[in-house]
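Data block below; observations after.
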Amino acid sequence: MRVYVPLTLPGLAEAYKTGALGEGPFFAYAVTPALREWYLSDDIEELEYAALNRAALASLRLLAVEPGVARRRVVVAVDVADGAAVADPDRGLDPLALGEVRVAGPVPLAKAAAVHVDSDDAETDVAAATDALGAADQGDDDAQFIVDGAEDHELLWFATQEIPNLVGLGD
C-alpha cells in the first residue's frame, strides 16, 4: 500500500539521518474507503493524487507549529505492507481526517518511492498559508483563500537519491 507521509525539511533530514520514517505509530495519508467516497472517483491515480494533497495539507500544519523552518511542504511517498497502515473508522468521514491512516512504523526510508517538495518560489505563499491556517480552521473565508493559495503550487517530484541535496547534505 502506498502511503504519503507529511514532513518538513528538518523532518526529512532526520529521516535521512536515522534511515527511518517515524518512530511509530505515526500518521500518513492513503487511498482509504472514506477518501474514495469523498473524491467520487475510481481512477487510482486521481485518488493517490488526492491522498498526496491531503498529506501536503498535513505538512502545512506541521510547518505552522515549527517556526523558523523553511516554508516548503514535504511529502514522502512510501510503500508499506497492507496491514501496516490502518484508517480509523470513527474518524473516517471527518473532513480533517479524510485519507488519514495510522502506520505502525517505523518505516525504513529505503522503502520510499519518491519525495515531493515545494519549489523555492512557493515559500511566500506557503508562509502566508501557515499564518492563516488557524483562522481558516475557524471558518474565516479570506484565510481559507490564502491557505488554498498554497495548494496552487504543485509539489515537485524528487528521487530518493536526491534527499541529501534537498536537506543540504549533498555535495
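By order of appearance in the C-alpha cells: chains A, B, ..., then residues from 1 within every chain, and ligands from 1 in the order shown.
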What are the closest atom pairs, with distances in Å to one decimal, for each residue of stretch 97-157 of chain A lying within 9 Å of stretch 31-55 of chain A, using only C-alpha atoms, rows by chain and rising residue number, as a tab-separated table?
residue	atom	partner	partner_atom	distance
A:Ala97	CA	A:Arg54	CA	8.7
A:Leu98	CA	A:Leu35	CA	5.5
A:Gly99	CA	A:Leu35	CA	5.1
A:Glu100	CA	A:Thr32	CA	7.7
A:Val101	CA	A:Thr32	CA	8.0
A:His116	CA	A:Leu52	CA	8.8
A:Glu151	CA	A:Asn53	CA	7.9
A:Leu155	CA	A:Asn53	CA	9.0
Same residues, N, CA and C atoms, output as a PDB file, in the first residue's frame:
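Now in out39.pdb:
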ATOM      1  N   ALA A  97      -9.779  14.353   8.585  1.00  0.00           N
ATOM      2  CA  ALA A  97      -9.117  13.053   8.646  1.00  0.00           C
ATOM      3  C   ALA A  97      -9.269  12.243   7.360  1.00  0.00           C
ATOM      4  N   LEU A  98      -9.827  12.821   6.309  1.00  0.00           N
ATOM      5  CA  LEU A  98     -10.002  12.072   5.066  1.00  0.00           C
ATOM      6  C   LEU A  98      -8.660  11.557   4.559  1.00  0.00           C
ATOM      7  N   GLY A  99      -8.581  10.260   4.345  1.00  0.00           N
ATOM      8  CA  GLY A  99      -7.359   9.645   3.845  1.00  0.00           C
ATOM      9  C   GLY A  99      -6.329   9.361   4.920  1.00  0.00           C
ATOM     10  N   GLU A 100      -6.602   9.760   6.149  1.00  0.00           N
ATOM     11  CA  GLU A 100      -5.630   9.577   7.229  1.00  0.00           C
ATOM     12  C   GLU A 100      -5.537   8.105   7.623  1.00  0.00           C
ATOM     13  N   VAL A 101      -4.316   7.634   7.774  1.00  0.00           N
ATOM     14  CA  VAL A 101      -4.054   6.282   8.251  1.00  0.00           C
ATOM     15  C   VAL A 101      -2.997   6.340   9.343  1.00  0.00           C
ATOM     16  N   HIS A 116       8.217  14.489  -2.446  1.00  0.00           N
ATOM     17  CA  HIS A 116       7.551  15.626  -3.086  1.00  0.00           C
ATOM     18  C   HIS A 116       7.785  16.852  -2.211  1.00  0.00           C
ATOM     19  N   GLU A 151      -1.993  25.562  -2.155  1.00  0.00           N
ATOM     20  CA  GLU A 151      -2.317  24.387  -2.960  1.00  0.00           C
ATOM     21  C   GLU A 151      -2.190  24.656  -4.455  1.00  0.00           C
ATOM     22  N   LEU A 155       3.579  20.239  -5.838  1.00  0.00           N
ATOM     23  CA  LEU A 155       4.801  19.724  -5.233  1.00  0.00           C
ATOM     24  C   LEU A 155       5.661  19.113  -6.329  1.00  0.00           C
TER      25      LEU A 155
END
Which parts of stretch 47-108 of chain A does DSSP call helix (DSSP H, G or I) when run on the backbone here, written out as a VMD selection string? chain A and resid 47 to 64 82 to 84 95 to 97
Excluding A:Glu154 and its own-chain neighbours fewer than 2 positions away, which residues fall within 10 Å of it when counting only C-alpha atoms? Please give them as a count of residues only. 12
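Shortest atom-to-atom contact with A:Leu96 among A:Tyr16, A:Gly139, A:Leu57, A:Phe145: A:Leu57, counting only C-alpha atoms.
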Could you pull out the strand (DSSP E or B) residues of stretch 10-162 of chain A, going by DSSP on the backbone, and write them as a PDB file with C-alpha atoms, in the first residue's frame?
ATOM      1  CA  ALA A  20      13.596   5.654   9.049  1.00  0.00           C
ATOM      2  CA  LEU A  21      10.309   7.499   8.798  1.00  0.00           C
ATOM      3  CA  PHE A  26       2.614   7.865  13.046  1.00  0.00           C
ATOM      4  CA  PHE A  27       0.019   9.361  10.731  1.00  0.00           C
ATOM      5  CA  ALA A  28       0.167   9.341   6.964  1.00  0.00           C
ATOM      6  CA  TYR A  29      -2.372   9.549   4.143  1.00  0.00           C
ATOM      7  CA  VAL A  74       7.357  17.908   2.156  1.00  0.00           C
ATOM      8  CA  VAL A  75       5.630  14.589   1.495  1.00  0.00           C
ATOM      9  CA  VAL A  76       7.367  11.218   1.250  1.00  0.00           C
ATOM     10  CA  ALA A  77       5.623   8.520  -0.795  1.00  0.00           C
ATOM     11  CA  VAL A  78       6.424   5.145   0.715  1.00  0.00           C
ATOM     12  CA  ASP A  79       5.164   1.610   0.218  1.00  0.00           C
ATOM     13  CA  ALA A  85      -1.456   1.307   7.622  1.00  0.00           C
ATOM     14  CA  VAL A  86      -4.929   1.404   9.153  1.00  0.00           C
ATOM     15  CA  GLU A 100      -5.630   9.577   7.229  1.00  0.00           C
ATOM     16  CA  VAL A 101      -4.054   6.282   8.251  1.00  0.00           C
ATOM     17  CA  ARG A 102      -2.019   5.213  11.229  1.00  0.00           C
ATOM     18  CA  VAL A 103       1.236   3.486  10.294  1.00  0.00           C
ATOM     19  CA  VAL A 107       9.317   2.506   8.133  1.00  0.00           C
ATOM     20  CA  PRO A 108      12.771   2.304   6.528  1.00  0.00           C
ATOM     21  CA  ALA A 112      10.373   5.390  -0.091  1.00  0.00           C
ATOM     22  CA  ALA A 113       9.350   5.636  -3.723  1.00  0.00           C
ATOM     23  CA  ALA A 114       9.729   9.412  -4.059  1.00  0.00           C
ATOM     24  CA  VAL A 115       9.828  12.705  -2.226  1.00  0.00           C
ATOM     25  CA  HIS A 116       7.551  15.626  -3.086  1.00  0.00           C
ATOM     26  CA  VAL A 117       8.673  19.128  -2.063  1.00  0.00           C
ATOM     27  CA  LEU A 156       7.882  18.789  -7.225  1.00  0.00           C
ATOM     28  CA  TRP A 157       8.884  15.136  -7.573  1.00  0.00           C
ATOM     29  CA  PHE A 158      12.341  14.031  -6.430  1.00  0.00           C
TER      30      PHE A 158
END
With a distance cut-off of 8 Å and only C-alpha atoms, select the neighbouring residues of A:Gly149, excluding the residue or stretch itself and same-chain residues fewer than 4 positions from it, and output the selection as a PDB file with C-alpha atoms, in the first residue's frame.
ATOM      1  CA  ASP A 125       2.519  31.533  -0.396  1.00  0.00           C
ATOM      2  CA  VAL A 126       3.228  28.606   1.935  1.00  0.00           C
ATOM      3  CA  ALA A 129      -0.872  29.836   4.385  1.00  0.00           C
ATOM      4  CA  PHE A 145      -8.451  31.553   0.349  1.00  0.00           C
ATOM      5  CA  HIS A 153       1.743  25.229  -6.106  1.00  0.00           C
TER       6      HIS A 153
END
Quick one: of A:Ile163, A:Leu133, A:Asp148, A:Ala143, who's nearest to A:Ala64, counting only C-alpha atoms? A:Leu133
So the first atom is atom CA of A:Leu60 and the second is atom CA of A:Ala159; what is the distance between them in Å, to one decimal place?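 Interatomic distance, atom CA of A:Leu60 to atom CA of A:Ala159: 21.5 Å.
Take atom CA of A:Arg61 and atom CA of A:Ala128: the distance between them is 12.3 Å.
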Might you pull out every residue within 6 Å of A:Ala104, with only C-alpha atoms counted and same-chain residues fewer than 4 positions away left off, and present them as a count of residues only? 3
Could you work out how far atom CA of A:Arg71 lies from atom CA of A:Thr124, giving the answer in Å with one decimal? 7.6 Å
When you count only C-alpha atoms, which of these residues is closest to A:Val167: A:Val65, A:Ile146, A:Leu109, A:Ala15?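 Among the listed residues, A:Ala15 lies closest to A:Val167.
Nearest residue to A:Arg73 among A:Glu14, A:Asp120, A:Asp140, A:Glu23 is A:Asp120, counting only C-alpha atoms.
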